[in-house]
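Structure data (mmCIF, C-alpha atoms) from data_13.cif:
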```cif
data_coords
loop_
_atom_site.label_atom_id
_atom_site.label_comp_id
_atom_site.auth_asym_id
_atom_site.auth_seq_id
_atom_site.Cartn_x
_atom_site.Cartn_y
_atom_site.Cartn_z
CA MET Y 5 -4.01 3.68 20.06
CA THR Y 6 -5.54 7.05 19.21
CA GLU Y 7 -4.18 8.85 16.17
CA ASN Y 8 -3.84 12.63 16.51
CA ILE Y 9 -5.51 14.81 13.89
CA SER Y 10 -3.46 17.56 12.30
CA GLN Y 11 -3.67 19.89 9.31
CA ALA Y 12 -0.08 21.17 9.44
CA LYS Y 13 1.17 22.45 6.09
CA PHE Y 14 3.86 20.44 4.33
CA SER Y 15 5.41 20.68 0.89
CA ARG Y 16 6.08 17.29 -0.66
CA ARG Y 17 7.96 18.82 -3.59
CA ALA Y 18 10.22 20.83 -1.26
CA ALA Y 19 10.97 17.77 0.86
CA LEU Y 20 11.86 15.70 -2.18
CA ALA Y 21 14.12 18.46 -3.41
CA THR Y 22 16.06 18.72 -0.15
CA ALA Y 23 15.99 15.11 0.96
CA GLY Y 24 16.70 13.77 -2.57
CA THR Y 25 -7.62 3.24 15.32
CA LEU Y 26 -10.53 2.87 13.98
CA GLY Y 27 -12.66 0.32 15.79
CA ALA Y 28 -15.08 -1.90 13.91
CA LEU Y 29 -16.78 0.37 11.40
CA GLY Y 30 -19.65 -1.84 10.47
CA ILE Y 31 -19.19 -1.00 6.81
CA THR Y 32 -22.11 -1.98 4.62
CA MET Y 33 -20.91 -3.05 1.20
CA ALA Y 34 -22.77 -1.94 -1.90
CA THR Y 35 -24.86 -4.61 -3.49
CA GLY Y 36 -23.80 -3.99 -7.10
CA VAL Y 37 -24.71 -6.22 -10.00
CA ALA Y 38 -22.80 -9.47 -10.35
CA GLY Y 39 -22.97 -9.71 -14.13
CA ASN Y 40 -21.13 -12.47 -15.91
CA ALA Y 41 -17.45 -13.25 -15.63
CA ALA Y 42 -15.48 -12.15 -18.68
CA PRO Y 43 -14.56 -15.04 -21.00
CA GLY Y 44 -11.27 -16.64 -20.03
CA VAL Y 45 -10.99 -14.87 -16.67
CA LYS Y 46 -10.41 -17.40 -13.90
CA ALA Y 47 -10.45 -16.78 -10.17
CA PRO Y 48 -7.43 -18.13 -8.26
CA LYS Y 49 -7.46 -20.76 -5.58
CA PRO Y 50 -6.74 -19.57 -2.03
CA SER Y 51 -3.01 -19.22 -1.41
CA LEU Y 52 -3.22 -17.99 2.19
CA ALA Y 53 -5.29 -19.26 5.12
CA PHE Y 54 -6.98 -18.03 8.26
CA ARG Y 55 -5.63 -19.40 11.53
CA PRO Y 56 -7.61 -22.20 13.21
CA ASP Y 57 -9.25 -19.60 15.48
CA GLY Y 58 -10.53 -17.72 12.43
CA THR Y 59 -8.14 -14.75 12.63
CA PHE Y 60 -5.75 -13.29 10.08
CA LYS Y 61 -3.50 -10.23 10.40
CA VAL Y 62 -1.90 -8.03 7.75
CA ILE Y 63 0.83 -5.39 8.10
CA GLN Y 64 1.34 -2.63 5.54
CA PHE Y 65 4.77 -1.06 5.34
CA ASN Y 66 5.03 1.90 3.01
CA ASP Y 67 7.80 3.84 1.29
CA THR Y 68 10.78 1.92 2.65
CA GLN Y 69 12.38 3.95 -0.18
CA ASP Y 70 16.16 3.77 0.20
CA ASP Y 71 19.28 2.64 -1.64
CA GLU Y 72 21.64 -0.26 -0.85
CA GLN Y 73 22.83 1.57 2.28
CA THR Y 74 19.38 1.36 3.84
CA ASP Y 75 18.88 3.24 7.10
CA ARG Y 76 19.18 0.54 9.76
CA ARG Y 77 16.12 1.88 11.60
CA THR Y 78 13.86 1.01 8.68
CA VAL Y 79 14.78 -2.65 9.17
CA GLU Y 80 14.54 -2.29 12.95
CA LEU Y 81 11.01 -0.91 12.63
CA MET Y 82 10.00 -3.78 10.37
CA GLU Y 83 11.50 -6.42 12.61
CA LYS Y 84 10.00 -5.04 15.81
CA ALA Y 85 6.56 -4.60 14.25
CA LEU Y 86 6.64 -8.16 12.88
CA ASP Y 87 7.70 -9.59 16.24
CA ALA Y 88 5.08 -7.62 18.15
CA GLU Y 89 2.16 -8.20 15.76
CA LYS Y 90 3.02 -11.61 14.27
CA PRO Y 91 1.15 -11.00 10.99
CA ASP Y 92 0.04 -13.65 8.52
CA PHE Y 93 0.79 -11.46 5.49
CA VAL Y 94 2.82 -8.33 4.79
CA VAL Y 95 2.62 -5.84 1.92
CA ILE Y 96 5.34 -3.30 1.15
CA ASN Y 97 3.09 -0.83 -0.59
CA GLY Y 98 5.23 0.91 -3.18
CA ASP Y 99 8.44 2.93 -3.36
CA VAL Y 100 10.25 -0.11 -2.03
CA ILE Y 101 13.56 1.52 -3.08
CA ASN Y 102 14.64 4.94 -4.34
CA GLY Y 103 16.66 6.09 -7.33
CA GLY Y 104 20.02 6.00 -5.59
CA CYS Y 105 21.23 2.61 -6.80
CA ASP Y 106 23.81 2.52 -9.62
CA THR Y 107 24.06 -1.20 -10.40
CA GLU Y 108 21.89 -4.29 -10.56
CA LEU Y 109 23.59 -5.61 -7.43
CA GLU Y 110 22.85 -2.43 -5.49
CA VAL Y 111 19.16 -2.65 -6.40
CA GLN Y 112 19.10 -6.25 -5.24
CA GLN Y 113 20.84 -5.30 -1.99
CA ALA Y 114 18.33 -2.50 -1.35
CA LEU Y 115 15.42 -4.88 -1.97
CA ASN Y 116 17.02 -7.63 0.09
CA HIS Y 117 17.26 -5.40 3.17
CA VAL Y 118 13.50 -4.86 3.36
CA VAL Y 119 12.31 -8.37 2.46
CA LEU Y 120 14.64 -10.28 4.79
CA PRO Y 121 12.58 -9.41 7.90
CA MET Y 122 9.66 -11.42 6.46
CA GLU Y 123 11.78 -14.13 4.85
CA THR Y 124 13.64 -14.94 8.06
CA ARG Y 125 10.31 -15.16 9.90
CA GLN Y 126 8.69 -17.21 7.12
CA ILE Y 127 5.85 -14.72 6.68
CA PRO Y 128 4.18 -14.52 3.24
CA TRP Y 129 4.71 -11.11 1.68
CA ALA Y 130 4.30 -9.13 -1.52
CA VAL Y 131 5.04 -5.66 -2.88
CA THR Y 132 3.25 -3.12 -4.97
CA PHE Y 133 5.41 -0.87 -7.09
CA GLY Y 134 5.51 2.91 -6.66
CA ASN Y 135 6.67 5.88 -8.69
CA HIS Y 136 10.28 5.71 -7.46
CA ASP Y 137 11.09 2.02 -7.87
CA GLU Y 138 12.32 2.39 -11.45
CA ASP Y 139 14.08 5.74 -10.94
CA SER Y 140 17.53 4.12 -11.18
CA ALA Y 141 16.70 1.80 -14.09
CA ALA Y 142 18.60 3.86 -16.68
CA ARG Y 143 21.83 3.35 -14.70
CA SER Y 144 21.27 -0.03 -13.07
CA GLY Y 145 19.31 -1.77 -15.81
CA MET Y 146 16.91 -3.07 -13.16
CA THR Y 147 13.40 -2.51 -14.45
CA GLU Y 148 10.32 -3.39 -12.44
CA ALA Y 149 10.07 -6.60 -14.48
CA LYS Y 150 13.57 -7.61 -13.37
CA MET Y 151 12.85 -6.56 -9.79
CA LEU Y 152 9.70 -8.67 -9.81
CA ALA Y 153 11.63 -11.72 -11.00
CA PHE Y 154 14.22 -11.15 -8.26
CA LEU Y 155 11.56 -10.74 -5.57
CA GLN Y 156 9.67 -13.81 -6.75
CA SER Y 157 12.82 -15.88 -6.20
CA TYR Y 158 12.35 -15.54 -2.42
CA ALA Y 159 10.57 -18.43 -0.79
CA PHE Y 160 7.77 -16.45 0.88
CA ASN Y 161 6.98 -13.95 -1.84
CA VAL Y 162 3.46 -14.28 -3.28
CA ASN Y 163 3.45 -11.61 -6.01
CA ALA Y 164 1.61 -12.68 -9.15
CA ASP Y 165 3.17 -12.63 -12.60
CA ASN Y 166 2.24 -9.76 -14.89
CA THR Y 167 -1.13 -10.13 -16.61
CA PRO Y 168 -0.82 -9.90 -20.41
CA GLY Y 169 -2.62 -6.87 -21.77
CA VAL Y 170 -3.03 -5.20 -18.37
CA THR Y 171 -1.06 -2.08 -17.45
CA GLY Y 172 1.31 -2.33 -14.50
CA THR Y 173 3.62 -4.75 -12.77
CA SER Y 174 2.22 -7.65 -10.74
CA ASN Y 175 -1.39 -6.63 -10.24
CA THR Y 176 -2.36 -9.38 -7.82
CA GLN Y 177 -5.43 -10.98 -6.25
CA LEU Y 178 -4.80 -13.21 -3.23
CA LEU Y 179 -7.52 -15.26 -1.56
CA VAL Y 180 -7.42 -16.30 2.09
CA LYS Y 181 -8.91 -19.73 2.81
CA SER Y 182 -11.49 -19.98 5.55
CA ALA Y 183 -10.61 -21.81 8.75
CA GLN Y 184 -13.97 -23.57 8.38
CA SER Y 185 -13.88 -24.72 4.75
CA LYS Y 186 -11.73 -24.97 1.64
CA ASN Y 187 -13.31 -21.85 0.16
CA PRO Y 188 -11.92 -18.32 0.51
CA ALA Y 189 -13.30 -16.08 3.23
CA PHE Y 190 -11.42 -12.89 2.31
CA GLY Y 191 -9.46 -11.32 -0.54
CA LEU Y 192 -6.33 -9.17 -0.74
CA TRP Y 193 -5.80 -7.08 -3.89
CA LEU Y 194 -2.57 -5.36 -4.94
CA ILE Y 195 -2.66 -2.85 -7.79
CA ASP Y 196 0.16 -1.00 -9.53
CA THR Y 197 -0.69 2.73 -9.54
CA GLY Y 198 2.14 3.50 -11.97
CA ARG Y 199 4.95 6.02 -11.94
CA TYR Y 200 4.60 9.38 -13.66
CA ALA Y 201 2.22 10.96 -16.13
CA PRO Y 202 3.42 11.00 -19.75
CA ASP Y 203 4.95 14.19 -21.14
CA SER Y 204 1.76 14.95 -23.03
CA ILE Y 205 -1.51 13.50 -24.29
CA ASN Y 206 -2.98 14.64 -27.60
CA GLY Y 207 -0.47 17.48 -27.77
CA GLN Y 208 -1.26 18.87 -24.30
CA ASP Y 209 1.31 18.70 -21.49
CA PHE Y 210 0.59 18.45 -17.75
CA SER Y 211 1.83 21.86 -16.68
CA GLY Y 212 -0.27 22.91 -13.69
CA TYR Y 213 -1.51 19.37 -13.04
CA PRO Y 214 -0.18 16.62 -10.75
CA ASP Y 215 2.49 14.69 -12.64
CA TRP Y 216 2.10 11.28 -11.02
CA ASP Y 217 0.46 8.33 -12.72
CA TRP Y 218 -3.02 6.88 -12.30
CA VAL Y 219 -4.70 3.47 -12.39
CA ARG Y 220 -5.60 2.83 -16.03
CA MET Y 221 -8.98 1.66 -17.26
CA ASP Y 222 -7.67 -1.77 -18.24
CA GLN Y 223 -6.65 -2.27 -14.60
CA VAL Y 224 -10.11 -1.24 -13.41
CA SER Y 225 -11.55 -3.77 -15.88
CA TRP Y 226 -9.07 -6.38 -14.62
CA TYR Y 227 -10.35 -5.88 -11.07
CA ARG Y 228 -14.02 -5.92 -12.12
CA ASP Y 229 -13.64 -9.01 -14.31
CA LEU Y 230 -11.67 -10.95 -11.72
CA SER Y 231 -14.07 -9.88 -8.98
CA ARG Y 232 -16.98 -11.21 -11.05
CA ALA Y 233 -15.13 -14.43 -11.83
CA THR Y 234 -14.41 -14.93 -8.14
CA GLU Y 235 -18.06 -14.40 -7.25
CA ALA Y 236 -19.12 -16.84 -9.97
CA LYS Y 237 -16.64 -19.50 -8.86
CA TYR Y 238 -17.39 -19.36 -5.16
CA GLY Y 239 -21.06 -18.36 -5.27
CA LYS Y 240 -20.69 -15.12 -3.32
CA LYS Y 241 -18.82 -11.84 -3.24
CA ILE Y 242 -15.55 -12.17 -1.33
CA PRO Y 243 -15.00 -9.24 1.07
CA SER Y 244 -11.60 -7.75 0.40
CA LEU Y 245 -9.04 -5.02 0.97
CA MET Y 246 -6.90 -3.41 -1.74
CA TRP Y 247 -3.50 -1.73 -1.61
CA GLY Y 248 -1.96 0.63 -4.15
CA HIS Y 249 0.81 3.19 -3.77
CA ILE Y 250 -0.81 6.43 -4.94
CA ALA Y 251 -3.92 7.96 -3.38
CA LEU Y 252 -7.21 8.38 -5.21
CA HIS Y 253 -8.86 11.77 -5.67
CA GLU Y 254 -11.48 10.46 -3.26
CA HIS Y 255 -8.97 10.52 -0.39
CA ARG Y 256 -8.89 14.33 -0.56
CA ASN Y 257 -12.63 14.55 -1.16
CA MET Y 258 -13.18 12.55 2.02
CA TRP Y 259 -10.86 14.71 4.15
CA PHE Y 260 -12.77 17.87 3.24
CA ALA Y 261 -16.19 16.30 2.63
CA SER Y 262 -16.09 18.33 -0.55
CA ILE Y 263 -14.69 18.36 -4.08
CA ASP Y 264 -14.17 22.10 -4.59
CA SER Y 265 -13.81 23.60 -1.11
CA ARG Y 266 -10.94 22.96 1.33
CA THR Y 267 -11.62 25.02 4.42
CA PRO Y 268 -11.29 24.05 8.09
CA ALA Y 269 -15.08 24.00 8.26
CA ASP Y 270 -15.16 21.51 5.40
CA HIS Y 271 -12.71 19.25 7.21
CA ALA Y 272 -14.67 19.56 10.47
CA ARG Y 273 -17.71 18.30 8.59
CA GLY Y 274 -15.65 15.48 7.10
CA LEU Y 275 -14.39 14.38 10.51
CA THR Y 276 -17.91 13.60 11.64
CA LYS Y 277 -19.40 12.51 8.34
CA HIS Y 278 -16.58 10.16 7.33
CA LYS Y 279 -15.27 9.22 10.81
CA ILE Y 280 -11.75 10.35 9.95
CA VAL Y 281 -8.92 9.47 12.33
CA GLY Y 282 -5.26 10.36 11.88
CA GLU Y 283 -2.95 13.04 10.54
CA ARG Y 284 -2.75 14.90 7.23
CA ASN Y 285 0.50 16.82 7.02
CA GLU Y 286 0.73 17.21 3.23
CA ASP Y 287 -1.62 17.46 0.31
CA GLU Y 288 -2.69 14.22 -1.29
CA CYS Y 289 -0.76 13.61 -4.51
CA PRO Y 290 -2.95 11.65 -6.93
CA GLY Y 291 -2.48 11.66 -10.68
CA PRO Y 292 -4.15 14.20 -12.96
CA PHE Y 293 -7.13 11.99 -13.81
CA ASN Y 294 -9.69 10.20 -11.68
CA SER Y 295 -9.23 6.54 -12.56
CA GLY Y 296 -12.78 5.39 -11.79
CA LEU Y 297 -11.44 2.74 -9.42
CA PHE Y 298 -13.56 3.94 -6.51
CA SER Y 299 -16.67 3.84 -8.68
CA ALA Y 300 -15.81 0.22 -9.47
CA PHE Y 301 -15.59 -0.50 -5.73
CA LEU Y 302 -19.12 0.81 -5.27
CA GLU Y 303 -20.38 -1.19 -8.23
CA ARG Y 304 -18.82 -4.48 -7.16
CA GLY Y 305 -19.34 -4.08 -3.43
CA ASP Y 306 -16.50 -6.37 -2.34
CA VAL Y 307 -13.58 -4.02 -1.57
CA MET Y 308 -14.06 -2.75 1.97
CA GLY Y 309 -10.97 -0.54 2.03
CA TYR Y 310 -8.27 0.92 -0.22
CA PHE Y 311 -4.97 1.87 1.43
CA VAL Y 312 -2.05 3.86 0.09
CA GLY Y 313 1.25 5.53 0.96
CA HIS Y 314 3.18 7.91 -1.35
CA ASP Y 315 2.49 10.91 0.90
CA HIS Y 316 4.80 9.91 3.74
CA VAL Y 317 3.48 12.13 6.51
CA ASN Y 318 -0.20 11.29 6.19
CA SER Y 319 -1.65 8.57 8.40
CA TYR Y 320 -5.40 9.12 8.30
CA VAL Y 321 -8.25 6.75 7.57
CA GLY Y 322 -11.97 7.28 7.15
CA ASN Y 323 -15.19 5.73 5.87
CA TYR Y 324 -16.08 7.18 2.46
CA TYR Y 325 -19.55 6.00 1.47
CA GLY Y 326 -18.99 2.53 2.89
CA VAL Y 327 -15.39 2.05 1.75
CA GLN Y 328 -12.44 2.82 4.01
CA LEU Y 329 -9.84 5.07 2.42
CA GLY Y 330 -6.60 5.38 4.32
CA TYR Y 331 -2.87 5.87 4.50
CA ALA Y 332 0.00 4.09 6.15
CA PRO Y 333 2.78 6.51 7.11
CA GLY Y 334 6.22 6.15 5.57
CA SER Y 335 8.23 3.30 7.09
CA GLY Y 336 11.60 4.24 5.60
CA PHE Y 337 13.93 6.43 7.66
CA GLY Y 338 15.93 7.24 4.53
CA ALA Y 339 13.03 9.04 2.83
CA TYR Y 340 11.55 12.47 3.54
CA GLY Y 341 9.50 12.95 6.67
CA LEU Y 342 8.28 15.86 8.72
CA SER Y 343 10.37 19.02 9.07
CA GLY Y 344 13.33 19.51 11.37
CA ALA Y 345 13.68 17.53 14.56
CA GLU Y 346 10.26 15.94 13.97
CA ARG Y 347 11.46 14.31 10.74
CA ASN Y 348 10.98 10.71 11.95
CA ARG Y 349 8.03 11.11 14.33
CA LEU Y 350 5.54 9.42 12.02
CA ARG Y 351 7.64 6.48 10.82
CA GLY Y 352 5.37 3.49 11.20
CA ALA Y 353 3.16 0.81 9.72
CA ARG Y 354 -0.54 0.01 9.46
CA VAL Y 355 -2.04 -3.17 10.93
CA PHE Y 356 -5.24 -4.85 9.72
CA GLU Y 357 -7.12 -7.45 11.75
CA LEU Y 358 -9.48 -9.95 10.15
CA ASP Y 359 -11.70 -12.35 12.07
CA GLU Y 360 -14.17 -14.82 10.60
CA ASN Y 361 -16.16 -14.58 13.82
CA HIS Y 362 -16.67 -10.83 13.30
CA PRO Y 363 -19.50 -9.45 11.10
CA GLY Y 364 -17.96 -8.64 7.74
CA ILE Y 365 -14.68 -10.34 8.78
CA TYR Y 366 -12.70 -7.08 8.47
CA LYS Y 367 -12.50 -6.12 12.13
CA ASP Y 368 -10.09 -3.27 12.69
CA THR Y 369 -7.14 -1.19 11.47
CA ARG Y 370 -4.63 0.83 13.44
CA VAL Y 371 -1.23 2.44 13.05
CA VAL Y 372 1.88 1.48 14.99
CA PHE Y 373 4.81 3.86 15.17
CA ALA Y 374 8.57 3.51 15.53
CA LYS Y 375 8.36 5.58 18.70
CA ASP Y 376 6.20 2.81 20.24
CA TYR Y 377 9.15 0.43 19.93
CA GLY Y 378 11.78 2.74 21.39
CA ILE Y 379 13.52 3.26 18.03
CA ASP Y 380 15.87 6.22 17.72
CA LEU Y 381 14.01 9.07 16.00
CA THR Y 382 17.01 11.39 15.62
CA ALA Y 383 16.81 13.35 12.37
CA ASN Y 384 19.98 11.90 10.85
CA ARG Y 385 21.07 9.00 8.65
CA GLN Y 386 22.13 5.64 10.08
CA SER Y 387 23.13 3.53 7.08
CA ILE Y 388 23.75 -0.19 6.90
CA VAL Y 389 27.37 -0.32 5.69
CA PRO Y 390 28.31 -2.57 4.08
CA PRO Y 391 24.96 -3.86 2.78
CA LYS Y 392 23.74 -7.18 4.09
CA PRO Y 393 24.64 -10.13 1.86
CA ILE Y 394 21.96 -11.53 -0.40
CA PRO Y 395 21.25 -15.15 0.63
CA ALA Y 396 23.20 -17.51 -1.57
CA THR Y 397 20.24 -19.90 -1.66
CA LYS Y 398 16.76 -18.52 -2.03
CA PRO Y 399 14.43 -21.41 -2.78
CA GLY Y 400 12.05 -20.11 -5.43
CA LYS Y 401 8.47 -21.01 -6.25
CA LYS Y 402 9.10 -22.12 -9.80
#
```
Go ahead and render the structure in this file as structure tokens.
Amino acid sequence: MTENISQAKFSRRAALATAGTLGALGITMATGVAGNAAPGVKAPKPSLAFRPDGTFKVIQFNDTQDDEQTDRRTVELMEKALDAEKPDFVVINGDVINGGCDTELEVQQALNHVVLPMETRQIPWAVTFGNHDEDSAARSGMTEAKMLAFLQSYAFNVNADNTPGVTGTSNTQLLVKSAQSKNPAFGLWLIDTGRYAPDSINGQDFSGYPDWDWVRMDQVSWYRDLSRATEAKYGKKIPSLMWGHIALHEHRNMWFASIDSRTPADHARGLTKHKIVGERNEDECPGPFNSGLFSAFLERGDVMGYFVGHDHVNSYVGNYYGVQLGYAPGSGFGAYGLSGAERNRLRGARVFELDENHPGIYKDTRVVFAKDYGIDLTANRQSIVPPKPIPATKPGKK
């Protein structure tokens, strides 16, 4: 499927106020310096596995972002994509719910709606947390920590526990066992990109700056240390992909092939230079500071792509100095989309194909859209009322 390229203007802030395929890229990973694993840092054992034919498929849903009366089409999109693609792992990449829930039960119902499609199909899944997931916590009492415990009670959830001393909820490394040995052939990283910037730092507020959060240095160190420990344990770098909710500054730099200039000519250069495919209908919304995460990717040389959501009507992907940077479009019909009658045109998901028989293993990524499955794209709300019941028995992992 070919993704159309667009530079239509879109105001994320205005929408929030009113709405309350690349082929094989042949990416060459940086060599980096292995260094020594930090004391006490241990690499995990593989918890997922390639199929006997050496393939493995991942689906990224993003911004399902709704309350307990989830738009039914969000679930329909998830179910139809899962049935068509038959993935081996699914990530809901942040803003799993919105701030519209008033009670603990309502938060659980909202979460339940978007995890049942994987649970009923017995597909391993995990979430990252986004800036909106805790928006209702003051009323509902459901913090991310409580949400994580609830999600971990489902049989097919594979989110890690919080790491002591590391910022964020459930930063996770998953390893996928080779079809040819007991060792991992590929890695899947999930990182919590946070919520909102603090009111001020050292007496200075963020007026005029983006007010979203950023990946903190202890998280970058967590990734680097665990990456080194994994290399030390298995005797090689493990090629990987990473997901986090909020874009890096490098996403915008890639689109324009520039840091300071944002002209059509800059983007035209970026299209060729960085092999960009897909749409950009709103400005990227990173935090005020560059986290250094991309620099760590170049140093370690194992992360082949970093994929985000947050900006619902962007769907592009490109190759930025050997690392894919990309978006999945918003999957949730209850969240903001494009303007007017086109509101739901870009609802979709991103698919990743891995193959041990392919050089580099990471073979391909593409976007699938709700329109491909014949889902109603009318710009209205189609709520699930009453909410689906939470399964009385959810066999947990612990």
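The interatomic distance for the pair CA of Lys186 (chain Y) and CA of Lys237 (chain Y) works out to 12.8 Å.
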For Arg125 (chain Y), the nearest of the candidates Y:Glu83, Y:Leu152, Y:Phe298, Y:Ser157, counting all atoms listed in the file: Y:Glu83
Long-range neighbours of Val389 (chain Y) as a list in words, 9 Å cut-off, only C-alpha atoms, 6 positions minimum in chain: Glu72, Gln73 and Thr74 of chain Y
Answer key for the PyMOL selection byres ((chain Y and resi 308-312) around 9), residues as a PyMOL selection string: chain Y and resi 31-33+64+66+97-98+243-252+298+301+305-307+313-315+321+323+326-333+366
Nearby residues (all atoms listed in the file) at most 9 Å from region 113-117 of chain Y, same-chain spacing under 2 positions excluded, as an MDAnalysis selection string: chainID Y and resid 69:74 79 100:102 105 108:111 119:121 151 154:155 391:395
Check which residues satisfy the PyMOL selection byres ((chain Y and resi 319) around 10) in the file shown, then give them as a PDB file with C-alpha atoms, keeping the file's coordinate frame.
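The result, stored in part_8.pdb:
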```
ATOM      1  CA  GLU Y   7      -4.180   8.850  16.170  1.00  0.00           C
ATOM      2  CA  ASN Y   8      -3.840  12.630  16.510  1.00  0.00           C
ATOM      3  CA  ILE Y   9      -5.510  14.810  13.890  1.00  0.00           C
ATOM      4  CA  SER Y  10      -3.460  17.560  12.300  1.00  0.00           C
ATOM      5  CA  VAL Y 281      -8.920   9.470  12.330  1.00  0.00           C
ATOM      6  CA  GLY Y 282      -5.260  10.360  11.880  1.00  0.00           C
ATOM      7  CA  GLU Y 283      -2.950  13.040  10.540  1.00  0.00           C
ATOM      8  CA  ARG Y 284      -2.750  14.900   7.230  1.00  0.00           C
ATOM      9  CA  ASN Y 285       0.500  16.820   7.020  1.00  0.00           C
ATOM     10  CA  VAL Y 312      -2.050   3.860   0.090  1.00  0.00           C
ATOM     11  CA  GLY Y 313       1.250   5.530   0.960  1.00  0.00           C
ATOM     12  CA  ASP Y 315       2.490  10.910   0.900  1.00  0.00           C
ATOM     13  CA  HIS Y 316       4.800   9.910   3.740  1.00  0.00           C
ATOM     14  CA  VAL Y 317       3.480  12.130   6.510  1.00  0.00           C
ATOM     15  CA  ASN Y 318      -0.200  11.290   6.190  1.00  0.00           C
ATOM     16  CA  TYR Y 320      -5.400   9.120   8.300  1.00  0.00           C
ATOM     17  CA  VAL Y 321      -8.250   6.750   7.570  1.00  0.00           C
ATOM     18  CA  GLY Y 330      -6.600   5.380   4.320  1.00  0.00           C
ATOM     19  CA  TYR Y 331      -2.870   5.870   4.500  1.00  0.00           C
ATOM     20  CA  ALA Y 332       0.000   4.090   6.150  1.00  0.00           C
ATOM     21  CA  PRO Y 333       2.780   6.510   7.110  1.00  0.00           C
ATOM     22  CA  GLY Y 334       6.220   6.150   5.570  1.00  0.00           C
ATOM     23  CA  LEU Y 350       5.540   9.420  12.020  1.00  0.00           C
ATOM     24  CA  ARG Y 351       7.640   6.480  10.820  1.00  0.00           C
ATOM     25  CA  GLY Y 352       5.370   3.490  11.200  1.00  0.00           C
ATOM     26  CA  ALA Y 353       3.160   0.810   9.720  1.00  0.00           C
ATOM     27  CA  ARG Y 354      -0.540   0.010   9.460  1.00  0.00           C
ATOM     28  CA  ARG Y 370      -4.630   0.830  13.440  1.00  0.00           C
ATOM     29  CA  VAL Y 371      -1.230   2.440  13.050  1.00  0.00           C
TER      30      VAL Y 371
END
```
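Between CA of Ser51 (chain Y) and CA of Asn166 (chain Y) lies a distance of 17.3 Å.
Of note, CA of Thr107 (chain Y) and CA of Arg143 (chain Y) are spaced 6.6 Å apart.
Contact shell of Arg347 (chain Y) at 7 Å (only C-alpha atoms; same-chain neighbours under 5 positions omitted): Gly341, Leu342 and Ala383 of chain Y.
Of the residues under consideration (Y:Asp376, Y:Asp99, Y:Glu254, Y:Glu123), Y:Glu254 shows the shortest atom-to-atom contact distance to Asn294 (chain Y) when counting only C-alpha atoms.
Distances from Y:Thr267, Y:Ser262, Y:Gln156, Y:Asn161 to Ala130 (chain Y) were compared using only C-alpha atoms, and the smallest one belongs to Y:Asn161.
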Shell of 9 Å around region 273-275 of chain Y, all atoms listed in the file, local chain residues under 2 positions omitted, as an MDAnalysis selection string: chainID Y and resid 257:262 268:271 277:281 322
Nearby residues (only C-alpha atoms) at most 12 Å from region 205-210 of chain Y, same-chain spacing under 4 positions excluded, as a list in words: Tyr200, Ala201, Pro214, Asp215, Trp216, Asp217, Gly291, Pro292 and Phe293 of chain Y
Distance criterion (only C-alpha atoms): nearest to Arg232 (chain Y) out of Y:Gly378, Y:Pro363, Y:Gly44, Y:Pro202: Y:Gly44
Might you spell out which residues the PyMOL selection byres ((chain Y and resi 184) around 9) would select in the displayed file, as a PDB file with C-alpha atoms, in the coordinates of the input?
```pdb
ATOM      1  CA  PHE Y  54      -6.980 -18.030   8.260  1.00  0.00           C
ATOM      2  CA  PRO Y  56      -7.610 -22.200  13.210  1.00  0.00           C
ATOM      3  CA  GLY Y  58     -10.530 -17.720  12.430  1.00  0.00           C
ATOM      4  CA  LYS Y 181      -8.910 -19.730   2.810  1.00  0.00           C
ATOM      5  CA  SER Y 182     -11.490 -19.980   5.550  1.00  0.00           C
ATOM      6  CA  ALA Y 183     -10.610 -21.810   8.750  1.00  0.00           C
ATOM      7  CA  SER Y 185     -13.880 -24.720   4.750  1.00  0.00           C
ATOM      8  CA  LYS Y 186     -11.730 -24.970   1.640  1.00  0.00           C
ATOM      9  CA  ASN Y 187     -13.310 -21.850   0.160  1.00  0.00           C
TER      10      ASN Y 187
END
```
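With distances restricted to all atoms listed in the file, Y:Pro128 is the closest residue to Asp92 (chain Y) from Y:Gly239, Y:Gly212, Y:Pro290, Y:Pro128.
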